[in-house]
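Step one of this worksheet: look at the structure below.
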Amino acid sequence: MADVSILPATEVDFGEFTRVLNEAYQDYYVPLDMDAAQLRDNIARYNTLMTASRVATVDGATVGLGMLAQRGKRGWIGGVGVVEPYRRQGIGRKLMDGLLSAAREIDVDTVQLEVIAKNNRARALYDSMGFEEIRTLHIAEGYARFASTAYRFQEVKMGDVFKFFDAFHTTPLPWQRERASIEGLANKVTGMVALNDDGVQAFALGIFRLDVIRYVDLAHAPGQRDALKALVGEIHRQNPVAAGSIINIGEDDPAWSVLLDLGYMPYLSQHEMLLKLS
């Protein structure tokens with residue numbers, strides 16, 4: 001094989017970058033099919049730095065890529081992919097080396113990523129580079145049947161939800177569900193809260209329609225899991241045909257136990273991993 005060059009992602013045309021991303025992930029556990037505009041939205045939403053992201057080229061052709069995002073002293077690798085027939089030739093490791101070098105250059109202390117639990121090859125690579133597993137994240141779906149008269153339910157704006165966001169989240173959120181990741185969705189998602197005489201006790205953000213229930217985030221006040229259980233039940237009552245789904249909810253998230261009680265089940269899981277650079 002010819003020499004592999006690892007370059008900043010800004011060295012290739014963005015349309016080419018988009019094409020390679022889709023091709024690299026077309027046969028993945030969760031295939032991607034994004035156009036350039038959608039990818040630009042994701043880059044902005046997750047604070048991805050194209051100058052710190054990397055591409056792999058062979059004889060001038062782009063054959064792989066890796067994306068690096070930054071929030072303060074933290075970094076996140078939002079995807080590493082290599083197209084066929086260039087896999088299993090060490091290009092993924094070269095991309096990872098390039099991303100970690102870039103992370104050090106921008107003064108990042110830690111780098112995190114997620115890897116599908118079934119992806120043993122990628123997991124072995126990350127283990128060999130010193131990443132350590134933090135926890136398991138679940139991609140889950142289900143139908144909930146639960147009613148409660150102890151709460152009132154109200155639709156609210158995202159800004160109103162953020163009044164309770166930090167207080168209701170007692171465990172860290174994965175990168176893609178942090179507040180910085182969802183703030184830009186204000187015009188795309190619905191907010192719902194469960195209230196009693198003491199005020200708001202649970203909230204949910206997402207797309208709630210007759211054909212789909214897709215949670216972006218949900219949480220309850222400490223000790224008020226029944227409020228979230230009632231809220232999820234109410235959202236399903238309003239949209240009785242739709243299956244509910246959520247991406248990357250931590251096994252340690254109190255909301256996960258609520259969803260389990262309501263019959264949600266994981267259909268794919270990921271390991272959240274962390275590497276300390278200093």
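Please note that chains go A, B, ... in the order of the structure tokens, that every chain numbers its residues from 1, and that ligands are numbered from 1 in the order shown.
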
*asked:* Neighbouring residues of A:Leu65 were defined as those with any atom within 8 Å, considering only C-alpha atoms; residues of the same chain fewer than 6 positions away were excluded. Please report them as a list in words.
replied: Ala9, Phe17, Val20, Leu21, Ser53, Arg54, Val55, Ala56, Gly79, Val80, Gly81, Val82 and Leu95 of chain A

Next, write the just-selected residues to a file, as a tab-separated table (two decimals), in the first residue's frame, keeping N, CA, C and O atoms as the atom set.
chain	number	residue	atom	x	y	z
A	9	ALA	N	-8.53	18.24	8.44
A	9	ALA	CA	-9.73	18.07	7.62
A	9	ALA	C	-9.98	19.26	6.70
A	9	ALA	O	-10.67	19.13	5.68
A	17	PHE	N	-15.33	15.52	2.13
A	17	PHE	CA	-15.35	15.08	3.53
A	17	PHE	C	-16.68	14.42	3.86
A	17	PHE	O	-16.73	13.35	4.47
A	20	VAL	N	-16.96	10.93	2.14
A	20	VAL	CA	-16.14	9.89	2.78
A	20	VAL	C	-16.77	9.46	4.11
A	20	VAL	O	-16.77	8.28	4.46
A	21	LEU	N	-17.32	10.42	4.86
A	21	LEU	CA	-18.00	10.06	6.11
A	21	LEU	C	-19.13	9.09	5.86
A	21	LEU	O	-19.25	8.05	6.52
A	53	SER	N	-9.68	18.23	13.38
A	53	SER	CA	-10.11	16.95	12.82
A	53	SER	C	-9.13	16.53	11.74
A	53	SER	O	-8.35	17.34	11.24
A	54	ARG	N	-9.16	15.26	11.36
A	54	ARG	CA	-8.15	14.74	10.45
A	54	ARG	C	-8.77	13.89	9.33
A	54	ARG	O	-9.83	13.30	9.50
A	55	VAL	N	-8.06	13.87	8.19
A	55	VAL	CA	-8.40	12.97	7.10
A	55	VAL	C	-7.17	12.14	6.77
A	55	VAL	O	-6.03	12.56	7.01
A	56	ALA	N	-7.41	10.95	6.24
A	56	ALA	CA	-6.34	10.08	5.75
A	56	ALA	C	-6.43	10.03	4.23
A	56	ALA	O	-7.52	9.81	3.68
A	79	GLY	N	-16.20	10.47	15.79
A	79	GLY	CA	-16.29	9.45	14.75
A	79	GLY	C	-14.96	9.27	14.05
A	79	GLY	O	-14.30	10.24	13.69
A	80	VAL	N	-14.56	8.02	13.86
A	80	VAL	CA	-13.39	7.67	13.08
A	80	VAL	C	-13.83	6.59	12.10
A	80	VAL	O	-14.41	5.57	12.51
A	81	GLY	N	-13.58	6.81	10.81
A	81	GLY	CA	-14.02	5.83	9.83
A	81	GLY	C	-13.06	5.73	8.66
A	81	GLY	O	-12.44	6.71	8.27
A	82	VAL	N	-12.97	4.52	8.11
A	82	VAL	CA	-12.13	4.25	6.95
A	82	VAL	C	-12.98	3.50	5.92
A	82	VAL	O	-13.73	2.59	6.27
A	95	LEU	N	-5.09	7.66	12.16
A	95	LEU	CA	-6.04	8.75	12.37
A	95	LEU	C	-6.16	9.09	13.84
A	95	LEU	O	-6.18	10.26	14.23

What's the 9 Å shell around A:Arg225, counting only C-alpha atoms, without same-chain residues fewer than 2 positions away, as an NGL selection string? :A and (201-202 or 219-223 or 227-230 or 254-255 or 257-258)

Fill in: A:Pro172 environment, 9 Å, only C-alpha atoms, sequence neighbours closer than 6 positions dropped, as a ChimeraX atom specification
/A:178,250,252-253

Keeping only N, CA and C atoms, write those residues as a PDB file, in the first residue's frame.
ATOM      1  N   GLU A 178     -25.330  16.734  26.166  1.00  0.00           N
ATOM      2  CA  GLU A 178     -25.059  17.849  27.063  1.00  0.00           C
ATOM      3  C   GLU A 178     -25.862  19.075  26.628  1.00  0.00           C
ATOM      4  N   GLY A 250     -27.254   7.068  29.795  1.00  0.00           N
ATOM      5  CA  GLY A 250     -26.312   6.339  30.618  1.00  0.00           C
ATOM      6  C   GLY A 250     -26.981   5.329  31.527  1.00  0.00           C
ATOM      7  N   ASP A 252     -26.180   4.800  34.377  1.00  0.00           N
ATOM      8  CA  ASP A 252     -26.219   5.403  35.704  1.00  0.00           C
ATOM      9  C   ASP A 252     -27.206   6.556  35.805  1.00  0.00           C
ATOM     10  N   ASP A 253     -27.878   6.887  34.723  1.00  0.00           N
ATOM     11  CA  ASP A 253     -28.836   7.993  34.703  1.00  0.00           C
ATOM     12  C   ASP A 253     -30.123   7.557  35.393  1.00  0.00           C
TER      13      ASP A 253
END

DSSP-assigned helix (DSSP H, G or I) among stretch 10-247 of chain A, expressed as an NGL selection string: :A and (10-11 or 14-24 or 36-45 or 91-105 or 120-128 or 158-168 or 175-177 or 179-185 or 225-238)

Take the residues from that selection and write them out as a PDB file, in the first residue's frame, keeping C-alpha atoms.
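Saved file out-v5.pdb follows:
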ATOM      1  CA  THR A  10      -9.609  21.585   6.229  1.00  0.00           C
ATOM      2  CA  GLU A  11      -7.213  20.294   3.548  1.00  0.00           C
ATOM      3  CA  PHE A  14     -16.165  19.743   2.496  1.00  0.00           C
ATOM      4  CA  GLY A  15     -18.267  17.875  -0.037  1.00  0.00           C
ATOM      5  CA  GLU A  16     -15.537  15.243  -0.253  1.00  0.00           C
ATOM      6  CA  PHE A  17     -15.346  15.085   3.531  1.00  0.00           C
ATOM      7  CA  THR A  18     -19.110  14.469   3.654  1.00  0.00           C
ATOM      8  CA  ARG A  19     -18.932  11.771   0.993  1.00  0.00           C
ATOM      9  CA  VAL A  20     -16.144   9.894   2.779  1.00  0.00           C
ATOM     10  CA  LEU A  21     -17.996  10.061   6.112  1.00  0.00           C
ATOM     11  CA  ASN A  22     -21.114   8.516   4.594  1.00  0.00           C
ATOM     12  CA  GLU A  23     -19.115   5.877   2.719  1.00  0.00           C
ATOM     13  CA  ALA A  24     -17.094   4.927   5.788  1.00  0.00           C
ATOM     14  CA  ALA A  36     -23.327  18.691   3.652  1.00  0.00           C
ATOM     15  CA  ALA A  37     -25.847  20.993   5.359  1.00  0.00           C
ATOM     16  CA  GLN A  38     -26.780  18.359   7.942  1.00  0.00           C
ATOM     17  CA  LEU A  39     -23.132  17.640   8.638  1.00  0.00           C
ATOM     18  CA  ARG A  40     -22.389  21.336   9.112  1.00  0.00           C
ATOM     19  CA  ASP A  41     -25.249  21.503  11.628  1.00  0.00           C
ATOM     20  CA  ASN A  42     -23.781  18.563  13.545  1.00  0.00           C
ATOM     21  CA  ILE A  43     -20.308  20.094  13.489  1.00  0.00           C
ATOM     22  CA  ALA A  44     -21.660  23.300  15.014  1.00  0.00           C
ATOM     23  CA  ARG A  45     -23.895  21.485  17.498  1.00  0.00           C
ATOM     24  CA  ILE A  91      -5.186   3.678   8.984  1.00  0.00           C
ATOM     25  CA  GLY A  92      -7.607   3.919  11.899  1.00  0.00           C
ATOM     26  CA  ARG A  93      -4.703   3.950  14.348  1.00  0.00           C
ATOM     27  CA  LYS A  94      -2.906   6.614  12.305  1.00  0.00           C
ATOM     28  CA  LEU A  95      -6.043   8.751  12.369  1.00  0.00           C
ATOM     29  CA  MET A  96      -6.361   8.305  16.127  1.00  0.00           C
ATOM     30  CA  ASP A  97      -2.716   9.267  16.611  1.00  0.00           C
ATOM     31  CA  GLY A  98      -3.349  12.383  14.549  1.00  0.00           C
ATOM     32  CA  LEU A  99      -6.440  13.305  16.548  1.00  0.00           C
ATOM     33  CA  LEU A 100      -4.679  12.864  19.891  1.00  0.00           C
ATOM     34  CA  SER A 101      -1.740  14.949  18.697  1.00  0.00           C
ATOM     35  CA  ALA A 102      -4.199  17.651  17.654  1.00  0.00           C
ATOM     36  CA  ALA A 103      -5.896  17.440  21.065  1.00  0.00           C
ATOM     37  CA  ARG A 104      -2.594  18.078  22.809  1.00  0.00           C
ATOM     38  CA  GLU A 105      -1.902  21.022  20.502  1.00  0.00           C
ATOM     39  CA  ASN A 120     -14.585  -5.454  19.145  1.00  0.00           C
ATOM     40  CA  ARG A 121     -11.953  -4.301  16.651  1.00  0.00           C
ATOM     41  CA  ALA A 122     -12.406  -0.606  17.474  1.00  0.00           C
ATOM     42  CA  ARG A 123     -12.632  -1.359  21.193  1.00  0.00           C
ATOM     43  CA  ALA A 124      -9.304  -3.192  21.053  1.00  0.00           C
ATOM     44  CA  LEU A 125      -7.719  -0.188  19.329  1.00  0.00           C
ATOM     45  CA  TYR A 126      -8.961   2.237  21.984  1.00  0.00           C
ATOM     46  CA  ASP A 127      -7.888  -0.082  24.793  1.00  0.00           C
ATOM     47  CA  SER A 128      -4.394  -0.295  23.302  1.00  0.00           C
ATOM     48  CA  MET A 158     -36.720  24.861  25.991  1.00  0.00           C
ATOM     49  CA  GLY A 159     -35.594  27.928  27.926  1.00  0.00           C
ATOM     50  CA  ASP A 160     -38.052  27.058  30.681  1.00  0.00           C
ATOM     51  CA  VAL A 161     -36.652  23.533  30.855  1.00  0.00           C
ATOM     52  CA  PHE A 162     -33.128  24.867  31.281  1.00  0.00           C
ATOM     53  CA  LYS A 163     -34.193  26.434  34.585  1.00  0.00           C
ATOM     54  CA  PHE A 164     -34.214  22.882  36.002  1.00  0.00           C
ATOM     55  CA  PHE A 165     -31.667  21.205  33.727  1.00  0.00           C
ATOM     56  CA  ASP A 166     -28.615  21.189  35.992  1.00  0.00           C
ATOM     57  CA  ALA A 167     -30.508  20.550  39.226  1.00  0.00           C
ATOM     58  CA  PHE A 168     -32.383  17.568  37.784  1.00  0.00           C
ATOM     59  CA  TRP A 175     -21.353  14.655  24.924  1.00  0.00           C
ATOM     60  CA  GLN A 176     -24.213  14.435  22.424  1.00  0.00           C
ATOM     61  CA  ARG A 177     -26.825  15.103  25.114  1.00  0.00           C
ATOM     62  CA  ARG A 179     -26.769  21.214  27.269  1.00  0.00           C
ATOM     63  CA  ALA A 180     -24.303  22.677  24.756  1.00  0.00           C
ATOM     64  CA  SER A 181     -25.375  19.983  22.273  1.00  0.00           C
ATOM     65  CA  ILE A 182     -29.115  20.565  22.529  1.00  0.00           C
ATOM     66  CA  GLU A 183     -29.374  24.334  22.892  1.00  0.00           C
ATOM     67  CA  GLY A 184     -29.489  24.772  19.139  1.00  0.00           C
ATOM     68  CA  LEU A 185     -32.569  22.545  18.867  1.00  0.00           C
ATOM     69  CA  ARG A 225     -38.958   9.443  39.734  1.00  0.00           C
ATOM     70  CA  ASP A 226     -42.739   8.933  39.760  1.00  0.00           C
ATOM     71  CA  ALA A 227     -43.096  12.370  38.170  1.00  0.00           C
ATOM     72  CA  LEU A 228     -40.974  11.344  35.198  1.00  0.00           C
ATOM     73  CA  LYS A 229     -42.783   8.034  34.986  1.00  0.00           C
ATOM     74  CA  ALA A 230     -46.067   9.922  34.815  1.00  0.00           C
ATOM     75  CA  LEU A 231     -44.722  12.375  32.230  1.00  0.00           C
ATOM     76  CA  VAL A 232     -43.474   9.657  29.894  1.00  0.00           C
ATOM     77  CA  GLY A 233     -46.795   7.875  30.326  1.00  0.00           C
ATOM     78  CA  GLU A 234     -48.644  11.064  29.420  1.00  0.00           C
ATOM     79  CA  ILE A 235     -46.551  11.612  26.290  1.00  0.00           C
ATOM     80  CA  HIS A 236     -47.386   8.073  25.178  1.00  0.00           C
ATOM     81  CA  ARG A 237     -51.049   8.603  26.021  1.00  0.00           C
ATOM     82  CA  GLN A 238     -51.119  11.630  23.712  1.00  0.00           C
TER      83      GLN A 238
END

**Q.** Using only C-alpha atoms: which of A:Asn239, A:Ala194, A:Leu262, A:Gln89 has the shortest distance to A:Phe153
**A.**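 Among the listed residues, A:Ala194 lies closest to A:Phe153.
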
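Near A:Phe203, within a cut-off of 6 Å and counting only C-alpha atoms, sit the residues Met192, Val193, Leu218 and Ala219 of chain A, with same-chain residues fewer than 6 positions away left out.
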
Among A:Gly130, A:Gly60, A:Gly191, A:Gly78, A:Ala204 is approached most closely, using only C-alpha atoms, by A:Gly191

- Query: Running DSSP on the backbone, which parts of stretch 65-158 of chain A land in strand (DSSP E), as number ranges by chain?
  - Reply: A: 65-71, 74-82, 110-116, 132-142, 152-156

Selected residues, C-alpha atoms, written as a PDB file, in the first residue's frame, please.
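selection-v4.pdb was written with the following content:
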ATOM      1  CA  LEU A  65     -11.431  10.622   8.591  1.00  0.00           C
ATOM      2  CA  GLY A  66     -11.764  11.419  12.281  1.00  0.00           C
ATOM      3  CA  MET A  67     -13.556  14.308  13.968  1.00  0.00           C
ATOM      4  CA  LEU A  68     -12.401  16.093  17.131  1.00  0.00           C
ATOM      5  CA  ALA A  69     -14.573  18.443  19.191  1.00  0.00           C
ATOM      6  CA  GLN A  70     -13.599  20.670  22.110  1.00  0.00           C
ATOM      7  CA  ARG A  71     -15.375  22.137  25.130  1.00  0.00           C
ATOM      8  CA  ARG A  74     -12.336  18.384  27.256  1.00  0.00           C
ATOM      9  CA  GLY A  75     -12.165  16.793  23.830  1.00  0.00           C
ATOM     10  CA  TRP A  76     -14.522  14.355  22.098  1.00  0.00           C
ATOM     11  CA  ILE A  77     -13.841  12.139  19.121  1.00  0.00           C
ATOM     12  CA  GLY A  78     -17.115  12.148  17.247  1.00  0.00           C
ATOM     13  CA  GLY A  79     -16.286   9.451  14.749  1.00  0.00           C
ATOM     14  CA  VAL A  80     -13.388   7.670  13.076  1.00  0.00           C
ATOM     15  CA  GLY A  81     -14.022   5.825   9.826  1.00  0.00           C
ATOM     16  CA  VAL A  82     -12.129   4.247   6.946  1.00  0.00           C
ATOM     17  CA  THR A 110      -9.053  14.586  28.418  1.00  0.00           C
ATOM     18  CA  VAL A 111     -10.495  12.993  25.302  1.00  0.00           C
ATOM     19  CA  GLN A 112     -13.657  10.917  25.323  1.00  0.00           C
ATOM     20  CA  LEU A 113     -15.457   8.813  22.737  1.00  0.00           C
ATOM     21  CA  GLU A 114     -18.109   6.150  22.385  1.00  0.00           C
ATOM     22  CA  VAL A 115     -17.732   2.749  20.779  1.00  0.00           C
ATOM     23  CA  ILE A 116     -20.519   0.322  19.902  1.00  0.00           C
ATOM     24  CA  GLU A 132     -10.627   3.474  29.860  1.00  0.00           C
ATOM     25  CA  GLU A 133     -14.308   2.599  29.972  1.00  0.00           C
ATOM     26  CA  ILE A 134     -16.451   4.978  32.018  1.00  0.00           C
ATOM     27  CA  ARG A 135     -19.903   3.462  31.633  1.00  0.00           C
ATOM     28  CA  THR A 136     -22.376   1.950  29.203  1.00  0.00           C
ATOM     29  CA  LEU A 137     -24.785   4.083  27.192  1.00  0.00           C
ATOM     30  CA  HIS A 138     -27.981   2.651  25.741  1.00  0.00           C
ATOM     31  CA  ILE A 139     -29.968   3.320  22.598  1.00  0.00           C
ATOM     32  CA  ALA A 140     -33.444   2.222  23.606  1.00  0.00           C
ATOM     33  CA  GLU A 141     -37.055   2.190  22.548  1.00  0.00           C
ATOM     34  CA  GLY A 142     -40.396   1.143  23.930  1.00  0.00           C
ATOM     35  CA  ARG A 152     -50.418  18.135  35.821  1.00  0.00           C
ATOM     36  CA  PHE A 153     -48.733  18.283  32.433  1.00  0.00           C
ATOM     37  CA  GLN A 154     -47.782  21.332  30.456  1.00  0.00           C
ATOM     38  CA  GLU A 155     -45.967  22.138  27.222  1.00  0.00           C
ATOM     39  CA  VAL A 156     -43.113  24.608  27.716  1.00  0.00           C
TER      40      VAL A 156
END

note - atom CA of A:His169 and atom CA of A:Phe208 are separated by 21.5 Å

Inset, instruction - Select, from A:Met129, A:Ile6, A:Asp107, A:Leu205, the residue with the minimum atom-to-atom distance to A:Asp217, counting only C-alpha atoms. - result: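 Result for the nearest residue to A:Asp217: A:Leu205.
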
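Our summary of the geometry notes that atom CA of A:Ala117 is positioned 22.0 Å from atom CA of A:Gly244.
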